[in-house]
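Have a look at upload_3.pdb below; it lists PDB, C-alpha atoms, pLDDT in the B column.
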```pdb
ATOM      1  CA  MET A 108      30.078  22.893   2.155  1.00 90.00           C
ATOM      2  CA  HIS A 109      28.337  23.088  -1.180  1.00 91.00           C
ATOM      3  CA  VAL A 110      25.801  21.107  -3.217  1.00 92.00           C
ATOM      4  CA  ARG A 111      26.344  20.267  -6.865  1.00 91.00           C
ATOM      5  CA  ALA A 112      24.952  17.860  -9.423  1.00 88.00           C
ATOM      6  CA  ALA A 113      26.446  14.415  -8.939  1.00 84.00           C
ATOM      7  CA  ARG A 114      28.442  12.902 -11.771  1.00 80.00           C
ATOM      8  CA  PRO A 115      29.097   9.227 -12.517  1.00 73.00           C
ATOM      9  CA  ASP A 116      32.757   9.693 -11.578  1.00 76.00           C
ATOM     10  CA  ASP A 117      31.685  10.685  -8.027  1.00 78.00           C
ATOM     11  CA  ALA A 118      30.796   7.060  -7.321  1.00 74.00           C
ATOM     12  CA  GLU A 119      34.134   6.012  -5.864  1.00 75.00           C
ATOM     13  CA  ALA A 120      34.410   9.057  -3.582  1.00 76.00           C
ATOM     14  CA  LEU A 121      30.851   8.505  -2.344  1.00 74.00           C
ATOM     15  CA  ARG A 122      31.448   4.786  -1.813  1.00 72.00           C
ATOM     16  CA  THR A 123      34.560   5.631   0.196  1.00 72.00           C
ATOM     17  CA  ALA A 124      32.661   8.158   2.335  1.00 73.00           C
ATOM     18  CA  VAL A 125      29.899   5.650   3.078  1.00 69.00           C
ATOM     19  CA  SER A 126      32.460   2.966   3.869  1.00 69.00           C
ATOM     20  CA  ARG A 127      34.397   5.251   6.219  1.00 68.00           C
ATOM     21  CA  ALA A 128      31.139   5.973   8.003  1.00 66.00           C
ATOM     22  CA  ARG A 129      30.958   2.198   8.562  1.00 59.00           C
ATOM     23  CA  GLU A 130      27.608   2.062   6.872  1.00 51.00           C
ATOM     24  CA  ALA A 131      26.471  -0.566   4.431  1.00 44.00           C
ATOM     25  CA  THR A 132      24.313   1.657   2.283  1.00 42.00           C
ATOM     26  CA  VAL A 133      23.523   5.276   1.519  1.00 43.00           C
ATOM     27  CA  PHE A 134      20.008   4.607   2.744  1.00 42.00           C
ATOM     28  CA  ASP A 135      20.931   3.707   6.330  1.00 40.00           C
ATOM     29  CA  ASP A 136      19.416   6.910   7.716  1.00 40.00           C
ATOM     30  CA  ILE A 137      16.032   5.811   6.437  1.00 41.00           C
ATOM     31  CA  GLY A 138      16.690   2.114   6.881  1.00 41.00           C
ATOM     32  CA  SER A 139      16.092   0.958   3.321  1.00 39.00           C
ATOM     33  CA  PRO A 140      19.057  -0.910   1.805  1.00 38.00           C
ATOM     34  CA  LEU A 141      18.200  -0.446  -1.852  1.00 40.00           C
ATOM     35  CA  LEU A 142      21.343   1.089  -3.314  1.00 47.00           C
ATOM     36  CA  ASP A 143      24.487  -0.916  -3.862  1.00 51.00           C
ATOM     37  CA  VAL A 144      27.326   1.267  -2.557  1.00 50.00           C
ATOM     38  CA  SER A 145      29.943  -0.289  -4.741  1.00 53.00           C
ATOM     39  CA  ALA A 146      31.344   2.277  -7.146  1.00 53.00           C
ATOM     40  CA  ALA A 147      29.389   0.587  -9.945  1.00 57.00           C
ATOM     41  CA  GLY A 148      26.138   0.597  -7.938  1.00 58.00           C
ATOM     42  CA  VAL A 149      26.385   4.277  -7.045  1.00 57.00           C
ATOM     43  CA  ARG A 150      27.391   5.169 -10.608  1.00 57.00           C
ATOM     44  CA  GLU A 151      24.395   3.259 -11.983  1.00 61.00           C
ATOM     45  CA  ALA A 152      21.925   4.898  -9.574  1.00 61.00           C
ATOM     46  CA  ALA A 153      23.264   8.397 -10.268  1.00 59.00           C
ATOM     47  CA  THR A 154      23.224   7.822 -14.016  1.00 61.00           C
ATOM     48  CA  GLU A 155      19.717   6.367 -14.187  1.00 66.00           C
ATOM     49  CA  ALA A 156      18.059   8.960 -11.942  1.00 72.00           C
ATOM     50  CA  GLU A 157      16.933  12.280 -13.297  1.00 83.00           C
ATOM     51  CA  TRP A 158      18.238  14.254 -10.310  1.00 87.00           C
ATOM     52  CA  SER A 159      21.377  13.407  -8.333  1.00 86.00           C
ATOM     53  CA  PHE A 160      23.042  15.843  -5.954  1.00 89.00           C
ATOM     54  CA  LEU A 161      26.189  15.598  -3.894  1.00 88.00           C
ATOM     55  CA  MET A 162      27.024  17.719  -0.854  1.00 90.00           C
ATOM     56  CA  GLU A 163      30.756  18.159  -0.447  1.00 90.00           C
ATOM     57  CA  GLY A 164      32.820  19.423   2.438  1.00 88.00           C
ATOM     58  CA  ASP A 165      36.541  19.859   2.865  1.00 88.00           C
ATOM     59  CA  ASP A 166      36.825  16.146   3.587  1.00 81.00           C
ATOM     60  CA  GLY A 167      34.873  14.948   0.523  1.00 82.00           C
ATOM     61  CA  PRO A 168      31.236  13.862   0.100  1.00 85.00           C
ATOM     62  CA  VAL A 169      29.054  14.397   3.160  1.00 86.00           C
ATOM     63  CA  GLY A 170      25.641  13.754   1.621  1.00 86.00           C
ATOM     64  CA  VAL A 171      23.770  12.620  -1.447  1.00 86.00           C
ATOM     65  CA  ALA A 172      20.201  12.823  -2.715  1.00 88.00           C
ATOM     66  CA  ILE A 173      18.845  10.972  -5.739  1.00 87.00           C
ATOM     67  CA  ALA A 174      15.340  11.360  -7.167  1.00 90.00           C
ATOM     68  CA  HIS A 175      13.489  10.251 -10.281  1.00 88.00           C
ATOM     69  CA  PRO A 176      10.170  11.365 -11.812  1.00 89.00           C
ATOM     70  CA  ASP A 177       7.173   9.101 -12.204  1.00 85.00           C
ATOM     71  CA  GLY A 178       6.054   8.223 -15.685  1.00 77.00           C
ATOM     72  CA  HIS A 179       3.133  10.669 -15.603  1.00 76.00           C
ATOM     73  CA  GLY A 180       5.352  13.519 -14.446  1.00 72.00           C
ATOM     74  CA  SER A 181       3.494  15.205 -11.568  1.00 89.00           C
ATOM     75  CA  GLU A 182       5.376  13.287  -8.858  1.00 93.00           C
ATOM     76  CA  ALA A 183       8.935  12.213  -8.220  1.00 93.00           C
ATOM     77  CA  GLU A 184      10.363   9.637  -5.827  1.00 91.00           C
ATOM     78  CA  LEU A 185      13.251  10.315  -3.494  1.00 91.00           C
ATOM     79  CA  LEU A 186      15.381   7.228  -4.098  1.00 84.00           C
ATOM     80  CA  ALA A 187      18.281   8.086  -1.819  1.00 82.00           C
ATOM     81  CA  LEU A 188      19.033  10.517   0.955  1.00 85.00           C
ATOM     82  CA  TRP A 189      22.206   9.960   2.938  1.00 82.00           C
ATOM     83  CA  VAL A 190      24.175  12.211   5.264  1.00 84.00           C
ATOM     84  CA  HIS A 191      27.528  11.230   6.753  1.00 83.00           C
ATOM     85  CA  PRO A 192      26.988  10.681  10.493  1.00 82.00           C
ATOM     86  CA  SER A 193      29.681  13.208  11.409  1.00 84.00           C
ATOM     87  CA  HIS A 194      27.624  15.889   9.632  1.00 87.00           C
ATOM     88  CA  ALA A 195      24.226  14.960  11.067  1.00 84.00           C
ATOM     89  CA  GLY A 196      22.348  17.968  12.421  1.00 87.00           C
ATOM     90  CA  GLU A 197      24.234  20.443  10.221  1.00 90.00           C
ATOM     91  CA  GLY A 198      21.400  21.004   7.737  1.00 91.00           C
ATOM     92  CA  VAL A 199      22.855  18.767   5.021  1.00 91.00           C
ATOM     93  CA  ALA A 200      19.612  16.818   4.532  1.00 90.00           C
ATOM     94  CA  ASP A 201      17.619  20.078   4.499  1.00 91.00           C
ATOM     95  CA  GLU A 202      19.820  21.556   1.800  1.00 93.00           C
ATOM     96  CA  LEU A 203      19.777  18.386  -0.289  1.00 93.00           C
ATOM     97  CA  LEU A 204      15.972  18.167  -0.050  1.00 92.00           C
ATOM     98  CA  ALA A 205      15.672  21.835  -1.029  1.00 93.00           C
ATOM     99  CA  ARG A 206      17.922  21.271  -4.045  1.00 94.00           C
ATOM    100  CA  VAL A 207      15.871  18.271  -5.156  1.00 94.00           C
ATOM    101  CA  ALA A 208      12.639  20.250  -4.656  1.00 94.00           C
ATOM    102  CA  SER A 209      13.898  23.189  -6.721  1.00 93.00           C
ATOM    103  CA  SER A 210      15.017  20.899  -9.518  1.00 92.00           C
ATOM    104  CA  VAL A 211      11.833  18.840  -9.709  1.00 92.00           C
ATOM    105  CA  THR A 212       9.727  22.013  -9.697  1.00 91.00           C
ATOM    106  CA  GLU A 213      11.535  23.170 -12.837  1.00 87.00           C
ATOM    107  CA  ARG A 214      10.162  20.038 -14.542  1.00 87.00           C
ATOM    108  CA  GLY A 215       6.566  20.567 -13.389  1.00 88.00           C
ATOM    109  CA  VAL A 216       6.704  18.060 -10.542  1.00 93.00           C
ATOM    110  CA  ASP A 217       4.725  19.207  -7.517  1.00 94.00           C
ATOM    111  CA  THR A 218       4.978  16.226  -5.144  1.00 95.00           C
ATOM    112  CA  LEU A 219       8.004  14.403  -3.778  1.00 95.00           C
ATOM    113  CA  ARG A 220       7.425  10.912  -2.445  1.00 93.00           C
ATOM    114  CA  ALA A 221       9.594   8.615  -0.292  1.00 91.00           C
ATOM    115  CA  SER A 222       9.345   5.141   1.184  1.00 88.00           C
ATOM    116  CA  VAL A 223      10.034   4.587   4.867  1.00 85.00           C
ATOM    117  CA  PRO A 224      10.475   1.123   6.385  1.00 80.00           C
ATOM    118  CA  GLY A 225       7.865   0.293   9.007  1.00 77.00           C
ATOM    119  CA  ASP A 226      10.538  -0.400  11.614  1.00 77.00           C
ATOM    120  CA  SER A 227      12.253   2.969  11.307  1.00 77.00           C
ATOM    121  CA  PRO A 228      10.652   5.503  13.680  1.00 80.00           C
ATOM    122  CA  GLY A 229      13.576   7.929  13.244  1.00 80.00           C
ATOM    123  CA  ALA A 230      12.980   8.068   9.510  1.00 82.00           C
ATOM    124  CA  LYS A 231       9.250   8.609  10.040  1.00 86.00           C
ATOM    125  CA  GLU A 232      10.035  11.514  12.376  1.00 88.00           C
ATOM    126  CA  PHE A 233      12.532  12.979   9.916  1.00 88.00           C
ATOM    127  CA  PHE A 234      10.084  12.989   7.022  1.00 92.00           C
ATOM    128  CA  ALA A 235       7.174  14.246   9.168  1.00 92.00           C
ATOM    129  CA  ALA A 236       9.368  17.128  10.387  1.00 91.00           C
ATOM    130  CA  HIS A 237      10.040  18.018   6.742  1.00 91.00           C
ATOM    131  CA  GLY A 238       6.352  18.160   5.789  1.00 93.00           C
ATOM    132  CA  PHE A 239       5.895  14.646   4.411  1.00 95.00           C
ATOM    133  CA  ALA A 240       2.491  13.172   5.175  1.00 96.00           C
ATOM    134  CA  PRO A 241       1.561   9.470   5.208  1.00 93.00           C
ATOM    135  CA  ARG A 242      -0.040   8.289   2.003  1.00 93.00           C
ATOM    136  CA  GLY A 243      -0.274   4.535   2.506  1.00 91.00           C
ATOM    137  CA  THR A 244       1.831   1.406   2.654  1.00 90.00           C
ATOM    138  CA  ARG A 245       3.437  -0.915   0.145  1.00 85.00           C
ATOM    139  CA  ARG A 246       5.520  -4.051   0.206  1.00 84.00           C
ATOM    140  CA  GLY A 247       9.212  -3.322  -0.324  1.00 72.00           C
ATOM    141  CA  PRO A 248      12.367  -5.437  -0.427  1.00 69.00           C
ATOM    142  CA  ALA A 249      12.824  -5.077   3.348  1.00 67.00           C
ATOM    143  CA  GLY A 250       9.139  -5.602   4.229  1.00 75.00           C
ATOM    144  CA  ASP A 251       6.239  -3.201   4.594  1.00 83.00           C
ATOM    145  CA  GLU A 252       7.058   0.448   3.951  1.00 86.00           C
ATOM    146  CA  SER A 253       5.118   3.620   4.606  1.00 89.00           C
ATOM    147  CA  VAL A 254       4.768   5.869   1.610  1.00 92.00           C
ATOM    148  CA  VAL A 255       5.031   9.549   2.503  1.00 94.00           C
ATOM    149  CA  ALA A 256       4.671  12.583   0.260  1.00 95.00           C
ATOM    150  CA  ALA A 257       5.243  16.332   0.452  1.00 95.00           C
ATOM    151  CA  ASP A 258       4.472  19.385  -1.633  1.00 95.00           C
ATOM    152  CA  VAL A 259       7.818  20.359  -3.150  1.00 93.00           C
ATOM    153  CA  ASN A 260       7.110  24.041  -2.516  1.00 90.00           C
ATOM    154  CA  ALA A 261       7.221  23.341   1.211  1.00 90.00           C
ATOM    155  CA  LEU A 262      10.709  21.842   0.834  1.00 88.00           C
ATOM    156  CA  ARG A 263      12.335  24.715  -1.055  1.00 82.00           C
TER     157      ARG A 263
END
```
Starting from the coordinates I provided, produce the structure as structure tokens.
Amino acid sequence: MHVRAARPDDAEALRTAVSRAREATVFDDIGSPLLDVSAAGVREAATEAEWSFLMEGDDGPVGVAIAHPDGHGSEAELLALWVHPSHAGEGVADELLARVASSVTERGVDTLRASVPGDSPGAKEFFAAHGFAPRGTRRGPAGDESVVAADVNALR
């Protein structure tokens, strides 16, 4: 498997991978259905974000990470992190997070932030295990979310 920058024309392959995993969204692992997984929705998200990475295996896309910087530039938000269920536990999420961290560091970003739905203990555990610390809560489309943040140097 290898990680590369995602391109707009990856949208259909990613949509197919998510669909074959019988998932509704690339955010299912963190429980936040914010990205439309239609080819157009994925293409739009990948195009608008500053950093989009795709992990590919022999059978096509197995993971994606999308992040975008804040307006002031010292932080970035992890907008999407998805790993195909058949590749869970293989280090795909770790590698995608490391790639995002390396890329945001090159732009002077030192903190990566993510939102975690309040009713998703697995996601909270995942982010805590990767060095993300609670920062507060905010109201999101699916209800209250915990905001977590990590030093990007700890993710590389």
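The residues returned by the PyMOL selection byres ((chain A and resi 181-196) around 7) for this structure are Ala128, Val133, Phe134, Asp136, Val169, Gly170, Val171, Ala172, Ile173, Ala174, His175, Pro176, Asp177, His179, Gly180, Glu197, Gly198, Val199, Ala200, Gly215, Val216, Asp217, Thr218, Leu219, Arg220 and Ala221 of chain A.
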Around segment 185-189 of chain A, fit a box with edges along x, y and z, padding it by 4 Å on each side, then list its centre and edge lengths in Å to one decimal as JSON.
```
{"center_x": 17.7, "center_y": 8.9, "center_z": -0.6, "size_x": 17.0, "size_y": 11.3, "size_z": 15.0}
```
Original post:
Counting all atoms listed in the file, which of A:Ala208, A:Ala124, A:Ala235, A:Leu161 gets nearest to His109 of chain A?
Top reply: A:Leu161
Within 8 Å of His237 of chain A using all atoms listed in the file, minus same-chain residues under 3 positions, as an mmCIF file with C-alpha atoms, in the coordinates of the input:
```cif
data_model
loop_
_atom_site.group_PDB
_atom_site.id
_atom_site.type_symbol
_atom_site.label_atom_id
_atom_site.label_comp_id
_atom_site.auth_asym_id
_atom_site.auth_seq_id
_atom_site.Cartn_x
_atom_site.Cartn_y
_atom_site.Cartn_z
ATOM 1 C CA PHE A 233 12.532 12.979 9.916
ATOM 2 C CA PHE A 234 10.084 12.989 7.022
ATOM 3 C CA LEU A 262 10.709 21.842 0.834
#
```
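Taken over the whole file, the PyMOL selection byres ((chain A and resi 238-247) around 8) covers exactly Arg220, Phe234, Ala235, Ala236, His237, Pro248, Ala249, Gly250, Asp251, Glu252, Ser253, Val254, Val255, Ala256, Ala257, Asp258, Ala261 and Leu262 of chain A.
Atom pair atom CA of Ser159 of chain A / atom CA of Glu202 of chain A: separated by 13.1 Å.
With only C-alpha atoms as the atoms that count, the residue of A:Val211, A:Leu203, A:Val223, A:Val110 with the shortest distance to Trp158 of chain A is A:Val211.
Relative to atom CA of Glu163 of chain A, atom CA of Glu232 of chain A is found at 25.3 Å.
For the pair atom CA of Phe160 of chain A and atom CA of Arg111 of chain A, the separation is 5.6 Å.
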